[in-house]
>>> print(open('target39.tsv').read())   # TSV, C-alpha atoms and all ligand atoms
chain	number	residue	atom	x	y	z
A	1	MET	CA	77.48	93.85	85.20
A	2	LYS	CA	81.18	92.97	85.01
A	3	ILE	CA	84.14	93.82	87.25
A	4	ASP	CA	85.74	97.00	85.89
A	5	ILE	CA	88.47	99.49	86.78
A	6	ASP	CA	86.15	101.81	88.74
A	7	TYR	CA	84.87	98.95	90.86
A	8	ALA	CA	88.31	97.47	91.56
A	9	LYS	CA	90.07	100.73	92.39
A	10	LYS	CA	88.45	101.12	95.79
A	11	PHE	CA	90.12	97.95	97.10
A	12	TYR	CA	93.65	99.29	96.70
A	13	GLY	CA	95.84	101.98	98.24
A	14	ASN	CA	99.37	103.17	97.47
A	15	GLY	CA	102.61	101.21	97.61
A	16	ALA	CA	104.56	98.62	95.68
A	17	HIS	CA	101.40	96.48	95.54
A	18	GLY	CA	99.05	99.44	95.29
A	19	TRP	CA	96.62	100.52	92.61
A	20	ASP	CA	99.36	101.37	90.11
A	21	HIS	CA	100.64	97.77	90.35
A	22	ILE	CA	97.13	96.52	89.52
A	23	GLN	CA	96.90	98.85	86.54
A	24	ARG	CA	100.23	97.60	85.17
A	25	VAL	CA	99.30	93.95	85.71
A	26	TYR	CA	95.96	94.61	84.00
A	27	SER	CA	97.72	96.18	80.98
A	28	ASN	CA	100.30	93.38	80.87
A	29	ALA	CA	97.53	90.78	80.99
A	30	LEU	CA	95.62	92.39	78.11
A	31	ARG	CA	98.81	92.59	76.08
A	32	ILE	CA	99.63	88.90	76.64
A	33	ALA	CA	95.99	87.92	76.01
A	34	GLU	CA	96.08	89.37	72.47
A	35	ASN	CA	98.18	86.38	71.37
A	36	GLU	CA	96.19	83.75	73.26
A	37	ASN	CA	92.90	81.97	72.78
A	38	CYS	CA	91.32	82.98	76.07
A	39	ASP	CA	88.28	84.51	77.79
A	40	LEU	CA	89.05	88.21	78.19
A	41	GLU	CA	86.35	88.72	80.82
A	42	ILE	CA	88.15	86.21	83.07
A	43	VAL	CA	91.55	87.79	82.38
A	44	MET	CA	90.28	91.31	83.20
A	45	ALA	CA	88.41	90.37	86.38
A	46	SER	CA	91.21	88.23	87.79
A	47	ALA	CA	93.88	90.86	87.06
A	48	LEU	CA	91.80	93.57	88.76
A	49	LEU	CA	91.04	91.47	91.86
A	50	HIS	CA	94.20	89.39	92.22
A	51	ASP	CA	95.79	91.37	95.08
A	52	ILE	CA	92.68	92.43	97.03
A	53	GLU	CA	94.06	90.73	100.15
A	54	ARG	CA	97.74	91.45	99.47
A	55	TYR	CA	97.97	94.07	102.24
A	56	ARG	CA	97.43	91.29	104.80
A	57	ASP	CA	100.81	89.70	104.01
A	58	ASN	CA	102.34	92.70	105.76
A	59	GLU	CA	100.33	91.96	108.90
A	60	ASP	CA	101.37	88.34	109.09
A	61	ILE	CA	103.83	86.60	106.76
A	62	THR	CA	102.20	83.21	107.33
A	63	LEU	CA	99.02	84.45	105.59
A	64	ASP	CA	98.58	83.55	101.94
A	65	HIS	CA	97.14	86.55	100.14
A	66	ALA	CA	96.41	84.51	97.02
A	67	GLU	CA	94.20	82.07	98.92
A	68	LEU	CA	92.52	84.84	100.95
A	69	GLY	CA	92.02	86.91	97.79
A	70	ALA	CA	90.46	83.93	95.99
A	71	GLN	CA	87.98	83.43	98.84
A	72	ARG	CA	87.03	87.09	98.94
A	73	ALA	CA	86.71	87.29	95.15
A	74	GLU	CA	84.38	84.28	95.19
A	75	LYS	CA	81.95	86.21	97.44
A	76	LEU	CA	82.27	89.46	95.46
A	77	LEU	CA	81.54	87.68	92.19
A	78	ASP	CA	78.02	86.82	93.38
A	79	ASP	CA	77.04	90.40	92.53
A	80	PHE	CA	78.24	90.13	88.90
A	81	ASN	CA	77.10	88.43	85.73
A	82	TYR	CA	79.60	85.70	85.03
A	83	ASN	CA	78.68	82.10	84.33
A	84	LEU	CA	79.76	79.38	86.75
A	85	ASN	CA	82.74	78.35	84.66
A	86	GLN	CA	83.97	81.94	84.45
A	87	LYS	CA	83.54	82.45	88.20
A	88	GLU	CA	85.48	79.30	88.97
A	89	ASN	CA	88.26	80.30	86.60
A	90	ILE	CA	88.57	83.82	88.05
A	91	VAL	CA	88.79	82.41	91.59
A	92	TYR	CA	91.26	79.73	90.44
A	93	SER	CA	93.46	82.30	88.64
A	94	ILE	CA	93.71	84.41	91.79
A	95	ARG	CA	94.39	81.34	93.96
A	96	VAL	CA	97.39	80.21	91.86
A	97	HIS	CA	98.77	83.60	90.78
A	98	ARG	CA	101.47	83.65	93.45
A	99	TYR	CA	104.43	82.10	91.72
A	100	SER	CA	106.22	81.21	94.94
A	101	LYS	CA	103.51	78.62	95.55
A	102	GLY	CA	105.02	76.71	92.63
A	103	ILE	CA	101.72	75.89	90.94
A	104	ILE	CA	101.72	75.49	87.17
A	105	PRO	CA	98.41	77.04	86.01
A	106	LYS	CA	95.90	74.68	84.44
A	107	THR	CA	93.96	77.33	82.53
A	108	ILE	CA	95.28	79.83	79.99
A	109	GLU	CA	93.67	82.71	81.92
A	110	ALA	CA	95.52	81.74	85.12
A	111	ALA	CA	98.76	81.39	83.11
A	112	ILE	CA	98.25	84.92	81.73
A	113	LEU	CA	97.69	86.42	85.18
A	114	GLN	CA	100.78	84.73	86.59
A	115	ASP	CA	102.93	86.06	83.73
A	116	ALA	CA	101.39	89.55	83.92
A	117	ASP	CA	102.07	89.74	87.66
A	118	ARG	CA	105.63	88.44	87.33
A	119	LEU	CA	106.44	90.96	84.57
A	120	ASP	CA	105.89	93.65	87.19
A	121	ALA	CA	108.72	92.02	89.19
A	122	LEU	CA	111.29	92.69	86.46
A	123	GLY	CA	112.83	95.63	84.61
A	124	ALA	CA	112.63	99.35	85.39
A	125	THR	CA	109.38	98.62	87.20
A	126	ILE	CA	110.93	96.35	89.81
A	127	ILE	CA	113.87	98.70	90.24
A	128	SER	CA	111.38	101.45	91.17
A	129	ARG	CA	109.30	99.17	93.38
A	130	LEU	CA	112.31	97.70	95.14
A	131	PHE	CA	113.86	101.04	96.08
A	132	TYR	CA	110.43	102.35	97.10
A	133	ASN	CA	110.19	99.45	99.56
A	134	ALA	CA	113.80	99.81	100.72
A	135	GLY	CA	113.11	103.48	101.49
A	136	LYS	CA	109.95	102.61	103.37
A	137	ARG	CA	111.80	100.27	105.71
A	138	LYS	CA	114.80	102.64	105.92
A	139	GLY	CA	117.00	99.92	104.49
A	140	ILE	CA	120.57	99.98	103.15
A	141	ILE	CA	121.06	100.56	99.41
A	142	HIS	CA	124.31	98.64	99.10
A	143	ASP	CA	127.02	97.27	101.38
A	144	PRO	CA	129.60	94.92	99.83
A	145	SER	CA	130.49	93.56	103.28
A	146	ILE	CA	126.99	92.05	103.53
A	147	PRO	CA	126.70	89.07	101.15
A	148	PRO	CA	123.33	88.17	99.58
A	149	ARG	CA	121.52	85.27	101.26
A	150	ALA	CA	121.36	82.12	99.15
A	151	GLU	CA	117.73	81.57	100.02
A	152	TYR	CA	115.02	84.23	100.07
A	153	LYS	CA	112.83	83.96	103.15
A	154	GLY	CA	110.47	86.86	102.59
A	155	ALA	CA	110.39	90.64	102.88
A	156	ALA	CA	111.38	90.63	106.57
A	157	ASP	CA	114.68	88.99	105.71
A	158	ILE	CA	116.04	91.37	103.05
A	159	THR	CA	119.71	92.33	103.64
A	160	THR	CA	120.24	95.31	101.27
A	161	ALA	CA	118.38	96.69	98.26
A	162	ILE	CA	121.09	95.59	95.82
A	163	ASN	CA	121.27	92.13	97.43
A	164	HIS	CA	117.52	91.77	97.00
A	165	PHE	CA	118.08	91.59	93.24
A	166	TYR	CA	120.31	88.54	93.76
A	167	GLU	CA	118.20	87.07	96.56
A	168	LYS	CA	114.94	87.22	94.63
A	169	ILE	CA	114.59	89.22	91.42
A	170	LEU	CA	117.26	87.54	89.25
A	171	LYS	CA	115.74	84.17	90.18
A	172	ILE	CA	112.64	85.14	88.14
A	173	LYS	CA	113.92	83.53	84.94
A	174	PRO	CA	112.23	84.48	81.64
A	175	GLU	CA	112.18	80.85	80.50
A	176	THR	CA	109.86	80.00	83.40
A	177	PHE	CA	107.10	82.28	82.05
A	178	ASN	CA	104.04	80.46	80.71
A	179	THR	CA	103.13	82.32	77.51
A	180	VAL	CA	105.04	83.30	74.36
A	181	LYS	CA	104.42	87.04	74.83
A	182	GLY	CA	105.13	86.79	78.57
A	183	LYS	CA	108.50	85.17	77.87
A	184	GLU	CA	109.40	87.72	75.21
A	185	LEU	CA	108.64	90.69	77.50
A	186	ALA	CA	110.37	88.98	80.43
A	187	TYR	CA	113.62	88.53	78.46
A	188	SER	CA	113.86	92.23	77.67
A	189	ARG	CA	113.03	93.27	81.26
A	190	TYR	CA	115.45	90.73	82.73
A	191	GLU	CA	118.24	91.99	80.53
A	192	PHE	CA	117.53	95.57	81.60
A	193	THR	CA	117.65	94.55	85.28
A	194	GLU	CA	121.06	92.93	84.75
A	195	LYS	CA	122.33	96.04	82.91
A	196	PHE	CA	121.19	98.27	85.75
A	197	LEU	CA	123.08	96.16	88.30
A	198	GLU	CA	126.18	96.10	86.14
A	199	GLN	CA	126.14	99.88	85.81
A	200	PHE	CA	125.41	100.41	89.52
A	201	LEU	CA	128.30	98.19	90.63
A	202	LYS	CA	130.69	99.82	88.14
A	203	GLU	CA	129.79	103.23	89.51
A	204	TYR	CA	130.07	101.97	93.08
A	205	ASN	CA	133.54	100.60	92.39
A	206	CYS	CA	134.58	103.81	90.61
A	207	GLU	CA	135.20	101.94	87.36
A	208	ILE	CA	133.24	104.46	85.31
A	301	FE	FE	100.27	91.25	92.10
>>> encode(input="target39.tsv", output="C-alpha cells")
Amino acid sequence: MKIDIDYAKKFYGNGAHGWDHIQRVYSNALRIAENENCDLEIVMASALLHDIERYRDNEDITLDHAELGAQRAEKLLDDFNYNLNQKENIVYSIRVHRYSKGIIPKTIEAAILQDADRLDALGATIISRLFYNAGKRKGIIHDPSIPPRAEYKGAADITTAINHFYEKILKIKPETFNTVKGKELAYSRYEFTEKFLEQFLKEYNCEI
C-alpha cells in the first residue's frame, strides 16, 4: 500500500496551510515531476505528508514543522510498502522542504517538493492566502504610514497585509527555484504578484 490522497486528507484542516494547500502542492509537484527523472512515489508521498505538523508552528514559533513532520512521517511510513531508499528520501524531502532553513536539496524529489511548496507562495494563490491570514488576525490591509520591515521575523511580526508582500513574498525570487519547470512557473506567478501590487497602489493613490 502507498500513501494516497484519501489517507493524507485526514491529517489536515482548513486554513492557508490546510488541505487545499496540500492539494495544490501535490498538483504542482506532479507537474514539475513530468520534466524530471525522478521517483514519482517519493514525490507523491512527500507532497501529501510535508505539512502534517505545520499546525504546530502556530502554537510555538520556535518549533520546526519540517523536522517534526519528517519524524512523524518516518513512523507513519512503517505501515506502507516503500523500500528503504524511498523511505529515507521521503523523510529527507519533508525535512528540507522549508526554504527558510536555507538547505539546497540533495535529491531531485526534495528539490521538486521545495519548488512545489514555494509556488504556492506566489501569484494569485498567495494573494488569496495572505488576505485570508490577514483577516484571521484582524490585521490592517494597507497603511502607508507604516513602512515594511527590512527583515521578516515570522508571522507574529507582520505589519500590514500589503507590507507582507515586501517583507516576505517578493523575496521569493524565481531564479532561486531548483527545477526548470519550477522556475518557469515561478516567473509567471511572480510577475502577477508584482502587477497586483502595482494596481493596488495605483488605486489606493487614486491614480486610476
Ligand atoms: Fe507547505
>>> axis_aligned_box(input="target39.tsv", around="segment 1-15 of chain A", padding_each_side="8 Å", output="lines of an AutoDock Vina configuration file")
center_x = 90.0
center_y = 98.1
center_z = 91.6
size_x = 41.1
size_y = 26.2
size_z = 29.2
>>> atom_distance(input="target39.tsv", atom1="atom CA of His97 of chain A", atom2="atom CA of Ile22 of chain A")
13.1 Å
>>> closest_atom_pairs(input="target39.tsv", of="segment 98-157 of chain A", to="segment 190-197 of chain A", cutoff="9 Å", atoms="all atoms listed in the file", output="tab-separated table")
residue	atom	partner	partner_atom	distance
A:Leu122	CA	A:Tyr190	CA	5.9
A:Gly123	CA	A:Thr193	CA	5.0
A:Ala124	CA	A:Thr193	CA	6.9
A:Ile126	CA	A:Thr193	CA	8.3
A:Ile127	CA	A:Thr193	CA	7.5
>>> residues_near_ligand(input="target39.tsv", ligand="ligand FE 301 (chain A)", cutoff="8 Å", atoms="only C-alpha atoms and all ligand atoms", output="JSON, numbers by chain")
{"A": [17, 21, 22, 25, 50, 51, 54, 97, 98, 117, 118, 120]}
>>> residues_around(input="target39.tsv", residues="Asn89 of chain A", least_positions_apart="2", cutoff="12 Å", atoms="all atoms listed in the file", output="ChimeraX atom specification")
/A:38-47,70,73-74,77,82-87,91-97,105-111,113
>>> residues_near_point(input="target39.tsv", point="(91.7, 95.8, 90.4)", cutoff="8 Å", atoms="only C-alpha atoms", output="PyMOL selection string")
chain A and resi 4-5+7-9+11-12+19+22-23+26+45+47-52
>>> write_last_selection(input="target39.tsv", atoms="C-alpha atoms", output="PDB file, keeping the file's coordinate frame")
ATOM      1  CA  ASP A   4      85.740  97.000  85.890  1.00  0.00           C
ATOM      2  CA  ILE A   5      88.470  99.490  86.780  1.00  0.00           C
ATOM      3  CA  TYR A   7      84.870  98.950  90.860  1.00  0.00           C
ATOM      4  CA  ALA A   8      88.310  97.470  91.560  1.00  0.00           C
ATOM      5  CA  LYS A   9      90.070 100.730  92.390  1.00  0.00           C
ATOM      6  CA  PHE A  11      90.120  97.950  97.100  1.00  0.00           C
ATOM      7  CA  TYR A  12      93.650  99.290  96.700  1.00  0.00           C
ATOM      8  CA  TRP A  19      96.620 100.520  92.610  1.00  0.00           C
ATOM      9  CA  ILE A  22      97.130  96.520  89.520  1.00  0.00           C
ATOM     10  CA  GLN A  23      96.900  98.850  86.540  1.00  0.00           C
ATOM     11  CA  TYR A  26      95.960  94.610  84.000  1.00  0.00           C
ATOM     12  CA  ALA A  45      88.410  90.370  86.380  1.00  0.00           C
ATOM     13  CA  ALA A  47      93.880  90.860  87.060  1.00  0.00           C
ATOM     14  CA  LEU A  48      91.800  93.570  88.760  1.00  0.00           C
ATOM     15  CA  LEU A  49      91.040  91.470  91.860  1.00  0.00           C
ATOM     16  CA  HIS A  50      94.200  89.390  92.220  1.00  0.00           C
ATOM     17  CA  ASP A  51      95.790  91.370  95.080  1.00  0.00           C
ATOM     18  CA  ILE A  52      92.680  92.430  97.030  1.00  0.00           C
TER      19      ILE A  52
END
>>> residues_around(input="target39.tsv", residues="Phe200 of chain A", least_positions_apart="6", cutoff="12 Å", atoms="only C-alpha atoms", output="list in words")
Ile127, Ile141, His142, Ala161, Ile162, Thr193, Glu194, Cys206, Glu207 and Ile208 of chain A
>>> closest_residue(input="target39.tsv", among="A:Leu201, A:Ile158, A:Ile169, A:Ala121", to="Pro144 of chain A", atoms="all atoms listed in the file")
A:Leu201
>>> atom_distance(input="target39.tsv", atom1="atom CA of Leu185 of chain A", atom2="atom CA of Arg129 of chain A")
18.0 Å
>>> atom_distance(input="target39.tsv", atom1="atom CA of His65 of chain A", atom2="atom CA of Arg149 of chain A")
24.4 Å
>>> closest_residue(input="target39.tsv", among="A:Ile140, A:Ile172, A:Ala16, A:Ile146", to="Tyr99 of chain A", atoms="all atoms listed in the file")
A:Ile172
>>> closest_residue(input="target39.tsv", among="A:Glu184, A:Ile3, A:Pro148, A:Thr160", to="Asn81 of chain A", atoms="only C-alpha atoms")
A:Ile3
>>> closest_residue(input="target39.tsv", among="A:Tyr152, A:Thr125, A:Phe165, A:Ser145", to="Glu198 of chain A", atoms="all atoms listed in the file")
A:Phe165
>>> closest_residue(input="target39.tsv", among="A:Asn37, A:Asn14, A:Gln71, A:Gln114", to="Thr176 of chain A", atoms="all atoms listed in the file")
A:Gln114
>>> decode(input="target39.tsv", residues="segment 31-45 of chain A", atoms="all heavy atoms", output="compact mmCIF listing (two decimals), in the first residue's frame")
# COMPACT_ATOMS: atom_id res chain seq x y z
N ARG A 31 3.30 18.19 -11.71
CA ARG A 31 3.54 18.97 -12.93
C ARG A 31 5.05 19.16 -13.14
O ARG A 31 5.55 19.01 -14.25
CB ARG A 31 2.87 20.32 -12.73
CG ARG A 31 2.46 21.01 -13.97
CD ARG A 31 1.52 22.10 -13.57
NE ARG A 31 1.54 23.16 -14.55
CZ ARG A 31 1.14 24.38 -14.30
NH1 ARG A 31 0.72 24.71 -13.08
NH2 ARG A 31 1.16 25.29 -15.24
N ILE A 32 5.76 19.50 -12.09
CA ILE A 32 7.22 19.69 -12.18
C ILE A 32 7.89 18.35 -12.48
O ILE A 32 8.83 18.26 -13.28
CB ILE A 32 7.79 20.29 -10.87
CG1 ILE A 32 7.21 21.68 -10.63
CG2 ILE A 32 9.31 20.35 -10.91
CD1 ILE A 32 7.48 22.23 -9.23
N ALA A 33 7.38 17.29 -11.87
CA ALA A 33 8.00 15.96 -11.99
C ALA A 33 7.96 15.42 -13.42
O ALA A 33 8.81 14.63 -13.81
CB ALA A 33 7.31 14.99 -11.05
N GLU A 34 6.98 15.87 -14.21
CA GLU A 34 6.86 15.41 -15.61
C GLU A 34 8.15 15.64 -16.39
O GLU A 34 8.48 14.89 -17.29
CB GLU A 34 5.74 16.19 -16.32
CG GLU A 34 4.38 15.60 -16.13
CD GLU A 34 3.31 16.50 -16.73
OE1 GLU A 34 3.59 17.20 -17.72
OE2 GLU A 34 2.19 16.50 -16.17
N ASN A 35 8.86 16.72 -16.06
CA ASN A 35 10.08 17.08 -16.80
C ASN A 35 11.34 16.53 -16.16
O ASN A 35 12.44 16.82 -16.60
CB ASN A 35 10.25 18.61 -16.82
CG ASN A 35 9.20 19.30 -17.62
OD1 ASN A 35 8.06 18.83 -17.68
ND2 ASN A 35 9.55 20.40 -18.24
N GLU A 36 11.20 15.80 -15.06
CA GLU A 36 12.39 15.38 -14.31
C GLU A 36 12.49 13.86 -14.24
O GLU A 36 11.49 13.16 -14.26
CB GLU A 36 12.34 15.93 -12.87
CG GLU A 36 12.19 17.44 -12.76
CD GLU A 36 13.42 18.21 -13.26
OE1 GLU A 36 14.53 17.63 -13.29
OE2 GLU A 36 13.27 19.39 -13.63
N ASN A 37 13.73 13.39 -14.13
CA ASN A 37 13.96 11.98 -13.96
C ASN A 37 13.91 11.70 -12.45
O ASN A 37 14.87 11.92 -11.73
CB ASN A 37 15.35 11.65 -14.53
CG ASN A 37 15.64 10.17 -14.50
OD1 ASN A 37 14.76 9.37 -14.18
ND2 ASN A 37 16.87 9.82 -14.82
N CYS A 38 12.73 11.27 -11.99
CA CYS A 38 12.56 11.14 -10.54
C CYS A 38 11.65 9.97 -10.19
O CYS A 38 11.03 9.39 -11.07
CB CYS A 38 11.97 12.44 -9.99
SG CYS A 38 10.34 12.80 -10.66
N ASP A 39 11.56 9.67 -8.90
CA ASP A 39 10.69 8.59 -8.42
C ASP A 39 9.36 9.22 -7.99
O ASP A 39 9.28 9.89 -6.96
CB ASP A 39 11.38 7.89 -7.24
CG ASP A 39 10.57 6.71 -6.71
OD1 ASP A 39 9.33 6.69 -6.86
OD2 ASP A 39 11.20 5.80 -6.13
N LEU A 40 8.33 8.98 -8.80
CA LEU A 40 7.02 9.62 -8.54
C LEU A 40 6.40 9.21 -7.21
O LEU A 40 5.69 9.99 -6.59
CB LEU A 40 6.05 9.26 -9.66
CG LEU A 40 5.97 10.20 -10.86
CD1 LEU A 40 4.85 9.76 -11.79
CD2 LEU A 40 5.74 11.65 -10.41
N GLU A 41 6.69 7.98 -6.78
CA GLU A 41 6.11 7.53 -5.50
C GLU A 41 6.65 8.38 -4.35
O GLU A 41 5.94 8.70 -3.40
CB GLU A 41 6.44 6.05 -5.26
CG GLU A 41 5.65 5.16 -6.20
CD GLU A 41 5.83 3.68 -5.93
OE1 GLU A 41 6.74 3.31 -5.15
OE2 GLU A 41 5.08 2.89 -6.51
N ILE A 42 7.92 8.76 -4.44
CA ILE A 42 8.53 9.61 -3.41
C ILE A 42 7.93 11.02 -3.47
O ILE A 42 7.56 11.61 -2.46
CB ILE A 42 10.07 9.68 -3.58
CG1 ILE A 42 10.68 8.29 -3.41
CG2 ILE A 42 10.70 10.69 -2.62
CD1 ILE A 42 12.16 8.20 -3.77
N VAL A 43 7.80 11.53 -4.70
CA VAL A 43 7.26 12.88 -4.89
C VAL A 43 5.83 12.96 -4.32
O VAL A 43 5.49 13.88 -3.58
CB VAL A 43 7.25 13.26 -6.40
CG1 VAL A 43 6.49 14.55 -6.66
CG2 VAL A 43 8.68 13.36 -6.92
N MET A 44 5.01 11.97 -4.64
CA MET A 44 3.61 11.99 -4.19
C MET A 44 3.52 11.89 -2.68
O MET A 44 2.83 12.69 -2.03
CB MET A 44 2.84 10.83 -4.84
CG MET A 44 2.63 11.00 -6.31
SD MET A 44 1.42 9.83 -6.94
CE MET A 44 2.40 8.89 -8.05
N ALA A 45 4.23 10.94 -2.09
CA ALA A 45 4.14 10.75 -0.63
C ALA A 45 4.67 11.96 0.11
O ALA A 45 4.06 12.42 1.09
CB ALA A 45 4.91 9.49 -0.22
